[in-house]
Each structure stands twice: as C-alpha cells, then as structure tokens.
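Engineer: To be precise about what I am sending: the file is called work.cif and holds mmCIF, C-alpha atoms.
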data_query
#
loop_
_atom_site.group_PDB
_atom_site.id
_atom_site.type_symbol
_atom_site.label_atom_id
_atom_site.label_comp_id
_atom_site.auth_asym_id
_atom_site.auth_seq_id
_atom_site.Cartn_x
_atom_site.Cartn_y
_atom_site.Cartn_z
ATOM 1 C CA MET S 1 79.276 214.767 44.667
ATOM 2 C CA ARG S 2 81.696 211.865 44.991
ATOM 3 C CA ASP S 3 85.448 211.872 44.479
ATOM 4 C CA ASP S 4 87.331 209.288 42.418
ATOM 5 C CA LYS S 5 87.699 207.013 45.445
ATOM 6 C CA GLY S 6 83.940 206.822 45.866
ATOM 7 C CA THR S 7 83.849 208.720 49.143
ATOM 8 C CA ASP S 8 81.650 211.673 49.905
ATOM 9 C CA ALA S 9 83.341 214.947 49.063
ATOM 10 C CA PHE S 10 82.021 218.478 49.299
ATOM 11 C CA PRO S 11 83.523 221.735 48.067
ATOM 12 C CA ALA S 12 84.790 224.038 50.772
ATOM 13 C CA SER S 13 82.359 226.710 49.589
ATOM 14 C CA ALA S 14 79.289 224.463 49.814
ATOM 15 C CA GLY S 15 77.916 226.201 52.867
ATOM 16 C CA LYS S 16 78.847 229.772 51.944
ATOM 17 C CA GLY S 17 75.930 232.113 51.668
ATOM 18 C CA SER S 18 73.593 229.540 53.188
ATOM 19 C CA VAL S 19 72.845 231.327 56.439
ATOM 20 C CA PRO S 20 69.471 233.043 56.037
ATOM 21 C CA SER S 21 68.930 236.719 56.697
ATOM 22 C CA ALA S 22 65.548 235.803 58.199
ATOM 23 C CA ARG S 23 64.228 232.723 59.910
ATOM 24 C CA PHE S 24 60.980 230.926 59.240
ATOM 25 C CA ALA S 25 58.599 230.860 62.185
ATOM 26 C CA GLY S 26 55.336 229.801 60.564
ATOM 27 C CA SER S 27 52.771 232.168 59.111
ATOM 28 C CA GLY S 28 49.259 233.378 59.617
ATOM 29 C CA THR S 29 47.952 230.789 57.164
ATOM 30 C CA TYR S 30 50.193 227.823 58.019
ATOM 31 C CA VAL S 31 50.502 226.225 61.461
ATOM 32 C CA ALA S 32 54.054 224.903 61.819
ATOM 33 C CA THR S 33 55.170 222.929 64.859
ATOM 34 C CA GLY S 34 58.383 223.820 66.647
ATOM 35 C CA GLU S 35 60.058 220.721 65.194
ATOM 36 C CA LEU S 36 59.104 221.704 61.652
ATOM 37 C CA THR S 37 60.326 225.297 61.918
ATOM 38 C CA LEU S 38 63.561 223.996 63.446
ATOM 39 C CA ALA S 39 63.996 221.602 60.509
ATOM 40 C CA VAL S 40 63.393 224.352 57.937
ATOM 41 C CA ASN S 41 65.912 226.709 59.509
ATOM 42 C CA ALA S 42 68.462 223.931 60.038
ATOM 43 C CA ALA S 43 68.319 222.921 56.361
ATOM 44 C CA VAL S 44 68.684 226.548 55.268
ATOM 45 C CA THR S 45 71.656 227.082 57.584
ATOM 46 C CA LEU S 46 73.368 223.927 56.330
ATOM 47 C CA GLY S 47 72.605 224.720 52.692
ATOM 48 C CA ARG S 48 71.044 221.277 52.328
ATOM 49 C CA PRO S 49 67.784 220.324 50.606
ATOM 50 C CA LEU S 50 65.014 219.695 53.123
ATOM 51 C CA LEU S 51 63.417 216.330 52.411
ATOM 52 C CA ILE S 52 59.856 216.323 53.733
ATOM 53 C CA LYS S 53 57.809 213.148 54.159
ATOM 54 C CA GLY S 54 54.411 212.587 55.685
ATOM 55 C CA GLU S 55 50.894 211.464 54.903
ATOM 56 C CA PRO S 56 49.184 213.098 51.911
ATOM 57 C CA GLY S 57 47.382 216.231 53.024
ATOM 58 C CA THR S 58 49.765 217.162 55.840
ATOM 59 C CA GLY S 59 50.993 220.335 54.131
ATOM 60 C CA LYS S 60 54.269 219.190 52.570
ATOM 61 C CA THR S 61 53.846 221.097 49.326
ATOM 62 C CA GLN S 62 52.305 224.111 51.023
ATOM 63 C CA LEU S 63 55.322 224.401 53.332
ATOM 64 C CA ALA S 64 57.614 225.580 50.523
ATOM 65 C CA GLN S 65 54.978 228.057 49.375
ATOM 66 C CA GLU S 66 54.557 229.450 52.884
ATOM 67 C CA VAL S 67 58.320 229.753 53.453
ATOM 68 C CA ALA S 68 58.672 231.671 50.175
ATOM 69 C CA THR S 69 55.876 234.018 51.223
ATOM 70 C CA ALA S 70 57.098 234.455 54.806
ATOM 71 C CA LEU S 71 60.699 235.188 53.743
ATOM 72 C CA ASP S 72 59.599 237.191 50.673
ATOM 73 C CA ARG S 73 61.469 234.959 48.218
ATOM 74 C CA PRO S 74 60.609 233.981 44.636
ATOM 75 C CA LEU S 75 59.219 230.451 44.377
ATOM 76 C CA PHE S 76 59.950 227.935 41.622
ATOM 77 C CA GLU S 77 57.817 224.790 41.695
ATOM 78 C CA TRP S 78 58.748 221.586 39.887
ATOM 79 C CA HIS S 79 55.928 219.061 40.228
ATOM 80 C CA ILE S 80 57.254 215.614 39.384
ATOM 81 C CA LYS S 81 55.360 213.097 37.247
ATOM 82 C CA SER S 82 56.054 209.434 36.548
ATOM 83 C CA THR S 83 57.566 210.463 33.194
ATOM 84 C CA SER S 84 59.753 213.279 34.583
ATOM 85 C CA LYS S 85 63.483 213.212 33.928
ATOM 86 C CA ALA S 86 66.134 215.040 35.920
ATOM 87 C CA GLN S 87 67.342 216.785 32.759
ATOM 88 C CA GLN S 88 64.010 218.618 32.518
ATOM 89 C CA GLY S 89 64.805 220.438 35.744
ATOM 90 C CA LEU S 90 67.996 221.783 34.172
ATOM 91 C CA TYR S 91 66.915 222.560 30.609
ATOM 92 C CA GLU S 92 65.421 221.041 27.492
ATOM 93 C CA TYR S 93 66.536 221.423 23.883
ATOM 94 C CA ASP S 94 63.751 221.232 21.321
ATOM 95 C CA PRO S 95 65.155 220.662 17.801
ATOM 96 C CA VAL S 96 61.758 220.586 16.058
ATOM 97 C CA PRO S 97 61.135 224.369 16.068
ATOM 98 C CA ARG S 98 64.729 224.931 14.984
ATOM 99 C CA LEU S 99 64.278 222.614 12.024
ATOM 100 C CA ARG S 100 61.045 224.355 11.129
ATOM 101 C CA ASP S 101 62.655 227.801 11.337
ATOM 102 C CA SER S 102 65.653 226.758 9.262
ATOM 103 C CA GLN S 103 63.588 225.771 6.237
ATOM 104 C CA PRO S 104 62.506 229.335 5.313
ATOM 105 C CA GLY S 105 66.000 230.547 6.168
ATOM 106 C CA ASP S 106 65.124 232.230 9.464
ATOM 107 C CA GLU S 107 68.314 233.701 11.000
ATOM 108 C CA ARG S 108 67.018 232.719 14.413
ATOM 109 C CA ALA S 109 67.783 229.063 13.605
ATOM 110 C CA ALA S 110 71.511 229.802 13.493
ATOM 111 C CA ASP S 111 71.628 230.296 17.275
ATOM 112 C CA ILE S 112 70.869 227.066 19.148
ATOM 113 C CA ALA S 113 70.388 229.044 22.362
ATOM 114 C CA ASN S 114 67.028 230.194 21.007
ATOM 115 C CA TYR S 115 65.770 226.627 21.381
ATOM 116 C CA ILE S 116 67.031 225.935 24.888
ATOM 117 C CA VAL S 117 64.228 226.051 27.483
ATOM 118 C CA PRO S 118 65.482 226.620 31.060
ATOM 119 C CA GLY S 119 64.090 224.282 33.697
ATOM 120 C CA MET S 120 63.155 225.134 37.265
ATOM 121 C CA LEU S 121 66.679 224.565 38.633
ATOM 122 C CA TRP S 122 68.153 226.908 36.024
ATOM 123 C CA ARG S 123 65.536 229.559 36.784
ATOM 124 C CA ALA S 124 66.141 229.246 40.530
ATOM 125 C CA PHE S 125 69.913 229.391 40.040
ATOM 126 C CA GLU S 126 69.669 232.629 38.041
ATOM 127 C CA SER S 127 67.115 234.321 40.271
ATOM 128 C CA GLY S 128 68.058 237.838 41.289
ATOM 129 C CA GLN S 129 67.011 237.012 44.851
ATOM 130 C CA ARG S 130 67.709 233.896 46.819
ATOM 131 C CA ALA S 131 64.884 231.651 45.644
ATOM 132 C CA VAL S 132 62.829 228.831 47.117
ATOM 133 C CA LEU S 133 62.865 225.735 44.905
ATOM 134 C CA LEU S 134 60.229 223.028 45.380
ATOM 135 C CA ILE S 135 60.804 219.561 43.920
ATOM 136 C CA ASP S 136 57.409 218.051 44.645
ATOM 137 C CA GLU S 137 56.715 214.308 44.997
ATOM 138 C CA ILE S 138 60.148 213.150 43.886
ATOM 139 C CA ASP S 139 59.199 209.523 44.544
ATOM 140 C CA LYS S 140 56.817 209.538 41.560
ATOM 141 C CA ALA S 141 59.749 209.475 39.129
ATOM 142 C CA ASP S 142 62.096 206.683 38.149
ATOM 143 C CA ILE S 143 64.428 205.387 40.872
ATOM 144 C CA GLU S 144 67.431 206.942 39.115
ATOM 145 C CA PHE S 145 65.864 210.410 39.127
ATOM 146 C CA PRO S 146 67.216 211.482 42.561
ATOM 147 C CA ASN S 147 70.729 210.231 41.787
ATOM 148 C CA ASP S 148 70.735 212.154 38.522
ATOM 149 C CA LEU S 149 70.295 215.387 40.516
ATOM 150 C CA LEU S 150 73.060 214.733 43.068
ATOM 151 C CA ARG S 151 75.813 216.645 41.306
ATOM 152 C CA GLU S 152 73.654 219.684 40.526
ATOM 153 C CA LEU S 153 72.248 219.928 44.048
ATOM 154 C CA ASP S 154 75.735 219.535 45.545
ATOM 155 C CA ARG S 155 77.672 221.911 43.319
ATOM 156 C CA MET S 156 74.834 224.284 42.481
ATOM 157 C CA GLU S 157 75.952 224.323 38.859
ATOM 158 C CA PHE S 158 75.524 222.388 35.625
ATOM 159 C CA TYR S 159 76.825 222.458 32.059
ATOM 160 C CA VAL S 160 74.739 223.174 28.948
ATOM 161 C CA TYR S 161 76.495 221.101 26.294
ATOM 162 C CA GLU S 162 74.611 222.567 23.329
ATOM 163 C CA THR S 163 75.803 226.112 24.086
ATOM 164 C CA ARG S 164 78.982 225.210 26.022
ATOM 165 C CA GLN S 165 77.693 227.262 28.933
ATOM 166 C CA LEU S 166 78.280 226.672 32.650
ATOM 167 C CA VAL S 167 75.254 227.720 34.679
ATOM 168 C CA LYS S 168 76.114 228.537 38.302
ATOM 169 C CA ALA S 169 73.731 229.507 41.060
ATOM 170 C CA ARG S 170 74.034 233.206 41.877
ATOM 171 C CA ARG S 171 72.715 232.388 45.337
ATOM 172 C CA ARG S 172 72.106 228.951 46.784
ATOM 173 C CA PRO S 173 68.340 228.404 46.629
ATOM 174 C CA ILE S 174 66.378 227.047 49.580
ATOM 175 C CA VAL S 175 65.427 223.591 48.310
ATOM 176 C CA PHE S 176 62.369 221.647 49.473
ATOM 177 C CA ILE S 177 61.856 218.069 48.301
ATOM 178 C CA THR S 178 58.647 216.207 49.128
ATOM 179 C CA SER S 179 57.974 212.482 49.062
ATOM 180 C CA ASN S 180 54.907 210.342 49.748
ATOM 181 C CA ASN S 181 57.050 207.217 50.266
ATOM 182 C CA GLU S 182 55.841 205.570 47.057
ATOM 183 C CA LYS S 183 59.433 204.502 46.408
ATOM 184 C CA GLU S 184 62.545 204.230 48.547
ATOM 185 C CA LEU S 185 65.044 206.980 47.793
ATOM 186 C CA PRO S 186 68.725 206.111 47.214
ATOM 187 C CA ASP S 187 71.060 206.298 50.224
ATOM 188 C CA ALA S 188 73.476 208.591 48.392
ATOM 189 C CA PHE S 189 70.647 211.055 47.838
ATOM 190 C CA LEU S 190 69.391 210.828 51.427
ATOM 191 C CA ARG S 191 72.855 211.695 52.755
ATOM 192 C CA ARG S 192 72.666 215.056 50.980
ATOM 193 C CA CYS S 193 69.387 216.038 52.599
ATOM 194 C CA PHE S 194 68.167 217.245 55.955
ATOM 195 C CA PHE S 195 65.160 215.055 56.728
ATOM 196 C CA HIS S 196 61.890 215.795 58.495
ATOM 197 C CA TYR S 197 58.761 213.689 58.816
ATOM 198 C CA ILE S 198 55.562 215.683 59.314
ATOM 199 C CA ARG S 199 53.561 213.721 61.846
ATOM 200 C CA PHE S 200 49.818 213.764 61.467
ATOM 201 C CA PRO S 201 48.498 216.592 63.650
ATOM 202 C CA ASP S 202 47.243 215.705 67.112
ATOM 203 C CA THR S 203 43.983 217.187 68.374
ATOM 204 C CA ALA S 204 45.563 220.335 69.815
ATOM 205 C CA THR S 205 47.502 221.099 66.625
ATOM 206 C CA MET S 206 44.447 220.352 64.500
ATOM 207 C CA GLU S 207 42.417 222.835 66.546
ATOM 208 C CA ARG S 208 45.009 225.519 65.740
ATOM 209 C CA ILE S 209 44.840 224.643 62.041
ATOM 210 C CA ILE S 210 41.060 224.842 62.017
ATOM 211 C CA GLU S 211 41.147 228.171 63.849
ATOM 212 C CA VAL S 212 43.307 229.586 61.049
ATOM 213 C CA HIS S 213 40.766 228.559 58.408
ATOM 214 C CA PHE S 214 37.560 228.971 60.407
ATOM 215 C CA PRO S 215 38.150 231.599 63.076
ATOM 216 C CA GLY S 216 35.461 231.688 65.724
ATOM 217 C CA LEU S 217 34.068 228.228 64.938
ATOM 218 C CA LYS S 218 31.677 227.106 67.677
ATOM 219 C CA LYS S 219 33.492 224.954 70.217
ATOM 220 C CA SER S 220 30.705 222.377 70.285
ATOM 221 C CA LEU S 221 30.856 221.871 66.506
ATOM 222 C CA LEU S 222 34.654 221.792 66.582
ATOM 223 C CA ALA S 223 34.697 219.149 69.310
ATOM 224 C CA GLU S 224 32.154 216.884 67.624
ATOM 225 C CA ALA S 225 33.754 217.264 64.190
ATOM 226 C CA LEU S 226 37.193 216.365 65.531
ATOM 227 C CA SER S 227 35.779 213.440 67.502
ATOM 228 C CA ALA S 228 34.069 212.040 64.392
ATOM 229 C CA PHE S 229 37.133 212.707 62.222
ATOM 230 C CA TYR S 230 39.627 210.903 64.466
ATOM 231 C CA ARG S 231 37.101 208.112 65.041
ATOM 232 C CA ILE S 232 37.107 207.452 61.298
ATOM 233 C CA ARG S 233 40.899 207.583 61.097
ATOM 234 C CA GLU S 234 41.160 204.955 63.846
ATOM 235 C CA VAL S 235 39.153 202.381 61.890
ATOM 236 C CA PRO S 236 41.633 199.593 61.040
ATOM 237 C CA GLY S 237 41.977 198.635 57.398
ATOM 238 C CA LEU S 238 41.054 201.928 55.760
ATOM 239 C CA LYS S 239 42.619 202.181 52.309
ATOM 240 C CA LYS S 240 42.838 205.978 52.557
ATOM 241 C CA LYS S 241 42.547 207.739 55.881
ATOM 242 C CA PRO S 242 41.011 211.214 55.687
ATOM 243 C CA SER S 243 43.602 213.981 55.738
ATOM 244 C CA THR S 244 43.746 217.512 57.121
ATOM 245 C CA SER S 245 42.637 219.042 53.829
ATOM 246 C CA GLU S 246 39.616 216.728 53.743
ATOM 247 C CA LEU S 247 38.704 217.657 57.307
ATOM 248 C CA LEU S 248 38.745 221.328 56.321
ATOM 249 C CA ASP S 249 36.516 220.594 53.327
ATOM 250 C CA TRP S 250 34.127 218.688 55.587
ATOM 251 C CA ILE S 251 33.873 221.519 58.111
ATOM 252 C CA LYS S 252 33.232 223.962 55.283
ATOM 253 C CA LEU S 253 30.315 221.789 54.152
ATOM 254 C CA LEU S 254 28.977 221.429 57.700
ATOM 255 C CA LEU S 255 28.886 225.204 58.008
ATOM 256 C CA ALA S 256 27.357 225.689 54.562
ATOM 257 C CA GLU S 257 24.597 223.176 55.322
ATOM 258 C CA ASP S 258 24.185 224.488 58.881
ATOM 259 C CA ILE S 259 24.659 221.012 60.383
ATOM 260 C CA PRO S 260 24.362 221.238 64.197
ATOM 261 C CA ALA S 261 26.984 219.732 66.504
ATOM 262 C CA GLU S 262 24.520 217.211 67.941
ATOM 263 C CA ALA S 263 24.009 215.701 64.479
ATOM 264 C CA LEU S 264 27.636 214.552 64.559
ATOM 265 C CA ARG S 265 27.510 213.055 68.028
ATOM 266 C CA ALA S 266 27.907 209.280 68.317
ATOM 267 C CA ASP S 267 25.292 207.655 70.547
ATOM 268 C CA ASP S 268 26.769 206.089 73.679
ATOM 269 C CA GLY S 269 30.249 206.525 72.266
ATOM 270 C CA LYS S 270 29.522 204.075 69.449
ATOM 271 C CA ALA S 271 30.561 204.632 65.844
ATOM 272 C CA SER S 272 28.128 206.375 63.536
ATOM 273 C CA ILE S 273 28.122 207.392 59.895
ATOM 274 C CA PRO S 274 28.869 211.130 59.825
ATOM 275 C CA ARG S 275 26.819 213.549 57.785
ATOM 276 C CA LEU S 276 28.366 214.427 54.402
ATOM 277 C CA TYR S 277 30.887 211.594 54.847
ATOM 278 C CA GLY S 278 31.772 211.825 51.139
ATOM 279 C CA ALA S 279 34.169 214.645 52.007
ATOM 280 C CA LEU S 280 36.126 212.264 54.255
ATOM 281 C CA LEU S 281 35.887 208.793 52.709
ATOM 282 C CA LYS S 282 36.988 208.723 49.083
ATOM 283 C CA ASN S 283 36.431 205.174 47.861
ATOM 284 C CA GLU S 284 33.704 202.554 48.108
ATOM 285 C CA GLN S 285 35.853 200.019 49.976
ATOM 286 C CA ASP S 286 36.379 202.430 52.865
ATOM 287 C CA VAL S 287 32.689 203.388 52.917
ATOM 288 C CA HIS S 288 31.638 199.727 53.092
ATOM 289 C CA LEU S 289 34.262 199.031 55.765
ATOM 290 C CA PHE S 290 33.072 201.917 57.905
ATOM 291 C CA GLU S 291 29.428 200.865 57.466
ATOM 292 C CA ARG S 292 30.325 197.370 58.716
ATOM 293 C CA VAL S 293 32.108 198.860 61.719
ATOM 294 C CA VAL S 294 29.031 200.959 62.513
ATOM 295 C CA PHE S 295 26.738 197.948 62.140
ATOM 296 C CA MET S 296 28.903 195.799 64.419
ATOM 297 C CA ALA S 297 29.087 198.575 67.014
ATOM 298 C CA ARG S 298 25.317 198.992 67.064
ATOM 299 C CA ALA S 299 24.743 195.229 67.193
ATOM 300 C CA GLY S 300 27.022 195.028 70.215
ATOM 301 C CA ARG S 301 24.955 197.468 72.302
#
Please rewrite the model in this file as structure tokens.
Structural biologist:
Amino acid sequence: MRDDKGTDAFPASAGKGSVPSARFAGSGTYVATGELTLAVNAAVTLGRPLLIKGEPGTGKTQLAQEVATALDRPLFEWHIKSTSKAQQGLYEYDPVPRLRDSQPGDERAADIANYIVPGMLWRAFESGQRAVLLIDEIDKADIEFPNDLLRELDRMEFYVYETRQLVKARRRPIVFITSNNEKELPDAFLRRCFFHYIRFPDTATMERIIEVHFPGLKKSLLAEALSAFYRIREVPGLKKKPSTSELLDWIKLLLAEDIPAEALRADDGKASIPRLYGALLKNEQDVHLFERVVFMARAGR
C-alpha cells in the first residue's frame, strides 16, 4: 500500500495475528534446511508473503503443501498461467449464466451474488482456520500482475463492486509465492515480501532427500547414482540441468530394472552415458552435448 505522497505506508494492525501458534520444522516427507525453515517462520512472524525462488524441481511448490500439512492448515493453491489476471484471485463475475437464467424469468437472476465466483484469495480470507495460500509461478503472468495484488496482500481485504461488499481476511493467511525467474518482479512488490532462494541441494542434503523417498537404499548404488547425477549437472552448456525430482525418478527406474551400482561407474573417472539417461536429460540438444563430452573424454585417455 502506498500513501498519497508515494511512500511506503502500512496499517498499524498489519502484523497483528501473524505470530504462528506452531513453527515449521520440516516434515517426514520434505527435507528443509535450517535456512529454509528460518525463512518460513520469519515470513509468518512478520505477516509477509514468502517469495521463494530456485531452480525448477527444488521443491518450491511442495514447500507450501508441506507447511499446510505440518501446521494442519487448509491449503488454497493458485497456479498462475500466462493468461492469469490478478482479479481472478479475488473473484470473477460471469454475466452469461445470469443472462441465460433471466430469459425464462428465473428469480435467481435477480441476485447478482449468485454469479460471483470467489477466487483463491477470497477463499483463503474467509477460511475458518488460518490458511496457507500458494501463488505458484507468479512470473508466468504479465508484468503488472504482481503490482495488481499489492493492495490486497497489504491490507488483506478487497471490495466486490458488483455486490458492494468488502471482503476482509478473518485471519491473515500464510502466503507463499514461487517464481522461476522467467521475469523480473517489480521492486514495489519485492519490498512487501520476505525472500528466500532455495539453493540446489549439495550431496549431503541430497542423500537425506533420497533417504526419505528410498529408505535403506544400498550405499554403493546411492554413491554411484549421485556421482553420475552431479557429473551430468556439471557439464557446461546444458539447456536443462536435471533436477531433484528427475534424480528421484531415475533412482526409481534403477531399482525397478535392478541396475547394479557398477553399471553406473565411470571408467577411470571419465564421463560415461548413464543407464536410463532419459529420466535425466530431457531434450535432444543436451543428449548430443553430453555424448560429445563423453566422446572427447574417452578420446583423451
């Protein structure tokens, strides 16, 4: 919210009710680093949206889902498309059904409220419990999209002009906003958020993630799979580096096909094409690039 002089202004009650009754500390199905849990709890305490960035596949969307589950809160998910408008998160008025109902003289058509469809913000605002609201991949929308939400996210209220109704949040929802950095977000919007960048997991963190999904995985297979995975990610020029979710898919296939650890081992530390590489490399340019790297490595022996 901005005052008439163009400076940042916030209502005195903006932070009221924002301190959580419970704190997020990860879950049995989601490995959260200390920095990430600190960011989640800081955003909740401040009553600010938590803006999450990071490579695709690093668990940005899943974070909101896991927080809702861990804190036992209702979850409202708004997945943004290139055609999404901020108004859709508040509500939409559809006049076509009303016109259709009015022709046979349906009494329902007399009340415009029957044709107002609440959006995810409205539903989160009116939730009986403090809700978790996910605004997923906000950078897919038009550049004005974030700015159009500033007032609603600041004041936690909006006006429905068709029904002359002011919708206020019963309880300030815990707001998660994800971005893949496809577009730069406006400075005014960034100032309203608490920001956290999810770094790509290092080997130790990745081992914890794999243990959650594949408990008891043989250490030899784990070591060779991780070695091959990070070796691929280090190839310069890849259009799309394999992500955590793709690594998990790959390990699932390795287990299903009973691929032994030694089949993944690179000879003399040189690059090699991993078995079932289609789970990791998702376009022909990257496959050809990796094949050239392997060929050059073998030729240099």
Engineer: To one decimal in Å, tell me the separation between atom CA of Tyr91 of chain S and atom CA of Trp122 of chain S.
Structural biologist: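 Taking atom CA of Tyr91 of chain S as the start and atom CA of Trp122 of chain S as the end point, the length is 7.1 Å.
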Engineer: Give me the residues near Glu157 of chain S as a PDB file with C-alpha atoms, in the coordinates of the input, where near means some atom within 9 Å (using only C-alpha atoms) and where sequence neighbours in that chain fewer than 5 positions away do not count.
Structural biologist:
ATOM      1  CA  TRP S 122      68.153 226.908  36.024  1.00  0.00           C
ATOM      2  CA  PHE S 125      69.913 229.391  40.040  1.00  0.00           C
ATOM      3  CA  ARG S 151      75.813 216.645  41.306  1.00  0.00           C
ATOM      4  CA  GLU S 152      73.654 219.684  40.526  1.00  0.00           C
ATOM      5  CA  LEU S 166      78.280 226.672  32.650  1.00  0.00           C
ATOM      6  CA  VAL S 167      75.254 227.720  34.679  1.00  0.00           C
ATOM      7  CA  LYS S 168      76.114 228.537  38.302  1.00  0.00           C
ATOM      8  CA  ALA S 169      73.731 229.507  41.060  1.00  0.00           C
TER       9      ALA S 169
END
Engineer: On this structure, which residues satisfy the PyMOL selection byres ((chain S and resi 233) around 12), written as a PDB file with C-alpha atoms, in the coordinates of the input?
Structural biologist:
ATOM      1  CA  PHE S 200      49.818 213.764  61.467  1.00  0.00           C
ATOM      2  CA  ASP S 202      47.243 215.705  67.112  1.00  0.00           C
ATOM      3  CA  LEU S 226      37.193 216.365  65.531  1.00  0.00           C
ATOM      4  CA  SER S 227      35.779 213.440  67.502  1.00  0.00           C
ATOM      5  CA  ALA S 228      34.069 212.040  64.392  1.00  0.00           C
ATOM      6  CA  PHE S 229      37.133 212.707  62.222  1.00  0.00           C
ATOM      7  CA  TYR S 230      39.627 210.903  64.466  1.00  0.00           C
ATOM      8  CA  ARG S 231      37.101 208.112  65.041  1.00  0.00           C
ATOM      9  CA  ILE S 232      37.107 207.452  61.298  1.00  0.00           C
ATOM     10  CA  GLU S 234      41.160 204.955  63.846  1.00  0.00           C
ATOM     11  CA  VAL S 235      39.153 202.381  61.890  1.00  0.00           C
ATOM     12  CA  PRO S 236      41.633 199.593  61.040  1.00  0.00           C
ATOM     13  CA  GLY S 237      41.977 198.635  57.398  1.00  0.00           C
ATOM     14  CA  LEU S 238      41.054 201.928  55.760  1.00  0.00           C
ATOM     15  CA  LYS S 239      42.619 202.181  52.309  1.00  0.00           C
ATOM     16  CA  LYS S 240      42.838 205.978  52.557  1.00  0.00           C
ATOM     17  CA  LYS S 241      42.547 207.739  55.881  1.00  0.00           C
ATOM     18  CA  PRO S 242      41.011 211.214  55.687  1.00  0.00           C
ATOM     19  CA  SER S 243      43.602 213.981  55.738  1.00  0.00           C
ATOM     20  CA  THR S 244      43.746 217.512  57.121  1.00  0.00           C
ATOM     21  CA  GLU S 246      39.616 216.728  53.743  1.00  0.00           C
ATOM     22  CA  LEU S 247      38.704 217.657  57.307  1.00  0.00           C
ATOM     23  CA  ALA S 271      30.561 204.632  65.844  1.00  0.00           C
ATOM     24  CA  LEU S 280      36.126 212.264  54.255  1.00  0.00           C
ATOM     25  CA  LEU S 281      35.887 208.793  52.709  1.00  0.00           C
ATOM     26  CA  ASP S 286      36.379 202.430  52.865  1.00  0.00           C
ATOM     27  CA  PHE S 290      33.072 201.917  57.905  1.00  0.00           C
TER      28      PHE S 290
END
Engineer: Using the chain letters and numbers from this file, what does the PyMOL selection byres ((chain S and resi 187) around 12) select? Give the answer as number ranges by chain.
Structural biologist: S: 8, 143-144, 146-147, 150, 184-186, 188-193
Engineer: Any chance you can output those residues with C-alpha atoms as a PDB file, in the coordinates of the input?
Structural biologist:
ATOM      1  CA  ASP S   8      81.650 211.673  49.905  1.00  0.00           C
ATOM      2  CA  ILE S 143      64.428 205.387  40.872  1.00  0.00           C
ATOM      3  CA  GLU S 144      67.431 206.942  39.115  1.00  0.00           C
ATOM      4  CA  PRO S 146      67.216 211.482  42.561  1.00  0.00           C
ATOM      5  CA  ASN S 147      70.729 210.231  41.787  1.00  0.00           C
ATOM      6  CA  LEU S 150      73.060 214.733  43.068  1.00  0.00           C
ATOM      7  CA  GLU S 184      62.545 204.230  48.547  1.00  0.00           C
ATOM      8  CA  LEU S 185      65.044 206.980  47.793  1.00  0.00           C
ATOM      9  CA  PRO S 186      68.725 206.111  47.214  1.00  0.00           C
ATOM     10  CA  ALA S 188      73.476 208.591  48.392  1.00  0.00           C
ATOM     11  CA  PHE S 189      70.647 211.055  47.838  1.00  0.00           C
ATOM     12  CA  LEU S 190      69.391 210.828  51.427  1.00  0.00           C
ATOM     13  CA  ARG S 191      72.855 211.695  52.755  1.00  0.00           C
ATOM     14  CA  ARG S 192      72.666 215.056  50.980  1.00  0.00           C
ATOM     15  CA  CYS S 193      69.387 216.038  52.599  1.00  0.00           C
TER      16      CYS S 193
END
Engineer: For the provided coordinates, the residues matched by the PyMOL selection byres ((chain S and resi 39) around 10) should be stated as a list in words.
Structural biologist: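 Those residues are Phe24, Thr33, Gly34, Glu35, Leu36, Thr37, Leu38, Val40, Asn41, Ala42, Ala43, Val44, Thr45, Leu50, Leu51, Ile52, Phe194, Phe195, His196 and Tyr197 of chain S.
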Engineer: Measuring atom to atom with all atoms listed in the file, identify which of S:Leu222, S:Val96, S:Ala279, S:Ile112 is nearest to Arg208 of chain S.
Structural biologist: S:Leu222
Engineer: List the spatial neighbours of Leu253 of chain S as a PyMOL selection string - criterion: any atom at most 10 Å away, only C-alpha atoms, same-chain residues fewer than 4 positions off excluded.
Structural biologist: chain S and resi 247-249+257-259+275-276+279
Engineer: Nearest residue to Leu255 of chain S out of S:Lys218, S:Lys140, S:Arg155, S:Arg23, using only C-alpha atoms?
Structural biologist: S:Lys218
Engineer: So, counting only C-alpha atoms, which residue among S:Leu134, S:Lys252, S:Val287, S:Ile116 is closest to Ile174 of chain S?
Structural biologist: S:Leu134
Engineer: Could you tell me which of S:Ser179, S:Tyr115, S:Ala225, S:Pro56 comes closest to Tyr93 of chain S if we count all atoms listed in the file?
Structural biologist: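 Looking at the shortest contact to Tyr93 of chain S, the residue is S:Tyr115.
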Engineer: Select, counting all atoms listed in the file, all protein, DNA and RNA residues no farther than 8 Å from (61.1, 235.3, 42.1) in file coordinates, and express the selection as an MDAnalysis selection string.
Structural biologist: chainID S and resid 73:76 127:129 131
Engineer: Give the answer as one residue: which of S:Ala32, S:Ala25, S:Ala256, S:Ile273 has the shortest atom-to-atom distance to Val212 of chain S, using only C-alpha atoms?
Structural biologist: S:Ala32
Engineer: Can you work out the spacing between atom CA of Leu264 of chain S and atom CA of Trp250 of chain S in Å, to one decimal?
Structural biologist: 11.8 Å
Engineer: Hey, which of S:Ala141, S:Val31, S:Leu254, S:Leu121 ends up closest to Gly89 of chain S? Count only C-alpha atoms.
Structural biologist: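 For Gly89 of chain S, the nearest of the candidates is S:Leu121.
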